[in-house]
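Taking it in order: structure first as structure tokens, then the write-up.
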Amino acid sequence: MNPRTPPVYNRRHPFSPQRYRPNRSTPVAQTRAHLQPSSPQQMQIRIHQILHAVECPTLGSVLGGTVRSNERSAHPPWSSQSGKRDPQQIGRVAAAASVNVPDKMKSRIPVVLLACGSFNPITNMHLRLFEVARDHLHQTGRYQVIGGIISPVNDNYGKKDLVAARHRVAMARLALQTSDWIQVDPWESEQVQWTETVKVLRHHHSELLRSLPWKEGLDQGKVDSPGPAAVPELKLLCGADVLKTFQTPNLWKDKHIQEIVEKFGLVCVDRAGHDPKGYILGSPILQRYQDNIHLAREPVQNEISATYIRRALGQGQSVKYLLPDAVIAYIKEHDLYTSPGEE
Amino acid sequence: MENSEKTEVVLLACGSFNPITNMHLRLFELAKDYMNGTGKYEVIKGIISPVGDAYKKKGLISAHHRVIMAELAAKNSKWLEVDTWESLQQDWIETATVLRHHQEKLEASSCDQQQDSPVLERPGRKRKWAEQRQDFSQKKSLEQTKTKGVPKVKLLCGADLLESFGVPNLWKGEDIAKIVGDYGLICITRAGNDAQKFIYESDVLWKHQNNIHLVNEWITNDISSTKIRRALRRGQSIRYLVPDLVQEYIEKHSLYSSESEERNVGVILAPLQRKTAEADT
């Protein structure tokens, strides 16, 4: 009954819930304060769901009896502020689960979103993709997005006007400074060759499995381990324009497309001028696995293309409010995108 | 001097800013690039003027929150500022009056500068004038700065405002004439053709078309405050659509909800109310 029990999960793991506990010193990326759980009991139930994502009959047994459901001063087991409860913080984490049925514990599949692309440069629209996709998956009630990865493409991709990977990675890092759930991963950009998207997915998926915390956390003494938490899924996040490129001859291998939609899954965010449903219907592979393709609608149409940004920068025009300020400062400091690109 | 031909311009944006979004801020940037790009103007300042609560628009939350959010949004800008004069007024103020207020304010401060000895005020500039134009008398250089010295206020808006000129009873005809005649309009629009057609179809706008600048917004940027409020009600993220500081402020104070959206429901918008009242007298 020691309230100072250390967190169940490995603190250092990148996707452990502790890392995604909103930090007061950085802006919170996603909270729904008005969905505060209405009782401490409800709150504990939701917290439990995030942590374990398993079916569990009683709260008490899983948490090792450290929390009595009526105890008002109970704090989340992972909290380092032991003994001091911040209802707002708990509420945020709990509310992030967005569960509509508080009394029944549902299992939600943890998901990590991976976005591949040039990010040349990263823009507010790229960042929006993650937010929109997360909202969408949460709304289905079946998923819990626990992380996001931005993977800038390798320089050897050979796309026109692609600035050096180290810049694109640095800019993404700056853009993500204020995000508490998305991070940039330079693995793809550091490879010797350009790497096909499916291989990037495979790499990150195996990394994810390798570092799963639940393997370590189940020897908590009196707790009867309820079984492993649901295995996280890695899904490819993209705009509708990428879905369209599946049709481009020789751009993608058919077996790769199949692996992407069958083994991983796709979250595709609407974009003006595109018809994602049409693209799916037009492809037998996509149609077969359409249940694994999530079409998210961006409620606020936002066409900030990096192409336009480069052109505007080349012409000395302002791009403020289209990209994070820190990225704009970096671009100026390193004299990037100074000549108008030819399209 | 390279600036002697250019008219200094102050951009004034009136609106609900309920809440302010990245799109509002973009309007300023686009307008500034455009005006500076003509070679005839130099944009020296941008003013965000949130409307007062007396406007009675549906879903309009308290002015002090809207002002604070605008200030948080303008924090990282070197040339944007928020003006609270309009929001502090008891009654709703017509846009033409707000424009006049700001123009007079600029003229007053410009006069103050000229009354001081030129050596004391903005020493770099006026001393240069005095040094480089030694054949001119001090009085002459004073006059020269006077004629170009007063910046002009221009109304910055989106196409929706331009087209709202057509809504019956929303604007007084004489106000529209004043806005485009005495001050000038900079209208950021995606559908340039529609805006041009609108100008063509209006005699008063057509007459002052040289004072109406249409700026094309190539990036579809549909971040309307209405959608932001809707997203907030539905628990959806507004991250990257509004400045981070604004998003945190909204969250911290739980500003927008179904309740706040119901404010002023059934209440007639102030300009329409005023028009009816005047018609009755």
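For the structure tokens, the naming scheme is as follows: chains receive sequential letters (A, B, ...) according to their order of presentation, residues are indexed from 1 within each chain, and ligands are indexed from 1 in presentation order.
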
Discussion item. With 8 Å as the limit and counting only C-alpha atoms, what residues in chain B lie close to chain A? Please list them as a list in words.
Written reply: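 That gives Asn22, Met23, Leu25, Arg26, Glu29, Leu30, Asp33, Ile219, Thr220, Asn221, Asp222, Ile223, Ser224, Lys227, Ala231, Gly235, Gln236, Ser237, Arg239, Tyr240, Leu241, Pro243, Asp244, Leu245, Glu248, Glu251 and Ser254 of chain B for chain B.
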
Item to complete: Taking the chain letters and numbering used in this document, name the residues of range 48-266 of chain B that DSSP puts in alpha helix (DSSP H), as a ChimeraX atom specification.
Response: /B:63-74,85-88,95-115,123-132,138-149,159-164,173-178,192-200,203-207,225-233,244-252,258-261

Worksheet entry | Near-Cys268 in chain A list (7 Å; only C-alpha atoms; drop same-chain fewer than 6 positions) as a list of chain:residue names |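 Here the qualifying residues turn out to be A:Leu237, A:Cys238, A:Gly239, A:Ala240, A:His294, A:Leu295, A:Ala296.
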
Take the selection from the previous step and output its residues with N, CA, C and O atoms, as a PDB file, in the first residue's frame.
ATOM      1  N   LEU A 237       0.964   6.782 -41.648  1.00  0.00           N
ATOM      2  CA  LEU A 237       0.118   7.976 -41.702  1.00  0.00           C
ATOM      3  C   LEU A 237       0.462   8.749 -42.964  1.00  0.00           C
ATOM      4  O   LEU A 237       1.634   8.992 -43.241  1.00  0.00           O
ATOM      5  N   CYS A 238      -0.544   9.113 -43.718  1.00  0.00           N
ATOM      6  CA  CYS A 238      -0.241   9.865 -44.937  1.00  0.00           C
ATOM      7  C   CYS A 238      -1.431  10.708 -45.358  1.00  0.00           C
ATOM      8  O   CYS A 238      -2.519  10.589 -44.808  1.00  0.00           O
ATOM      9  N   GLY A 239      -1.184  11.600 -46.301  1.00  0.00           N
ATOM     10  CA  GLY A 239      -2.273  12.366 -46.882  1.00  0.00           C
ATOM     11  C   GLY A 239      -2.876  11.589 -48.047  1.00  0.00           C
ATOM     12  O   GLY A 239      -2.291  10.630 -48.545  1.00  0.00           O
ATOM     13  N   ALA A 240      -4.034  12.039 -48.488  1.00  0.00           N
ATOM     14  CA  ALA A 240      -4.714  11.329 -49.578  1.00  0.00           C
ATOM     15  C   ALA A 240      -3.882  11.331 -50.859  1.00  0.00           C
ATOM     16  O   ALA A 240      -4.021  10.441 -51.700  1.00  0.00           O
ATOM     17  N   HIS A 294      -7.841   3.594 -42.718  1.00  0.00           N
ATOM     18  CA  HIS A 294      -8.699   4.531 -42.000  1.00  0.00           C
ATOM     19  C   HIS A 294      -8.662   5.878 -42.702  1.00  0.00           C
ATOM     20  O   HIS A 294      -7.599   6.462 -42.838  1.00  0.00           O
ATOM     21  N   LEU A 295      -9.823   6.323 -43.128  1.00  0.00           N
ATOM     22  CA  LEU A 295      -9.885   7.614 -43.815  1.00  0.00           C
ATOM     23  C   LEU A 295     -10.319   8.672 -42.821  1.00  0.00           C
ATOM     24  O   LEU A 295     -11.439   8.657 -42.322  1.00  0.00           O
ATOM     25  N   ALA A 296      -9.400   9.566 -42.529  1.00  0.00           N
ATOM     26  CA  ALA A 296      -9.701  10.598 -41.542  1.00  0.00           C
ATOM     27  C   ALA A 296     -10.020  11.892 -42.275  1.00  0.00           C
ATOM     28  O   ALA A 296      -9.348  12.267 -43.222  1.00  0.00           O
TER      29      ALA A 296
END

Item to complete: List the neighbours of Arg233 in chain B out to 8 Å using only C-alpha atoms; skip same-chain residues closer than 5 positions along the sequence, and give me the result as a list in words.
Response: Tyr256, Ser257 and Ser258 of chain B

Item to complete: Quick one: everything within 8 Å of Val145 in chain A, counting only C-alpha atoms, minus sequence neighbours fewer than 2 positions away in the same chain. Send it as a list in words.
Response: Pro110, Val111, Val112, Leu113, Arg134, Leu137, His138, Tyr143, Gly147 and Gly148 of chain A

Practice prompt. For range 270-276 of chain B, work out the shell of residues within 7 Å, counting only C-alpha atoms and skipping chain neighbours fewer than 6 positions away, then give it as a list in words.
Written response: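 Residues meeting the cut-off are Ala54, Tyr55, Lys56, Trp92, Asn169 and Leu170 of chain B.
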
Practice prompt. Would you list the contacts of Asp275 in chain A as a ChimeraX atom specification, taking every protein, DNA or RNA residue within 10 Å and counting only C-alpha atoms, but skipping same-chain residues closer than 6 positions in sequence?
Written response: /A:240-241,243-244

Output file for the residues above (C-alpha atoms, as a PDB file, in the first residue's frame):
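The file below, out11.pdb, is the result:
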ATOM      1  CA  ALA A 240      -4.714  11.329 -49.578  1.00  0.00           C
ATOM      2  CA  ASP A 241      -2.175  12.351 -52.194  1.00  0.00           C
ATOM      3  CA  LEU A 243      -2.752   7.021 -51.404  1.00  0.00           C
ATOM      4  CA  LYS A 244      -3.156   8.199 -54.950  1.00  0.00           C
TER       5      LYS A 244
END

Worksheet item: Can you tell me how far CA of Lys197 in chain B sits from CA of Tyr34 in chain B, in Å to one decimal?
Response: 20.8 Å
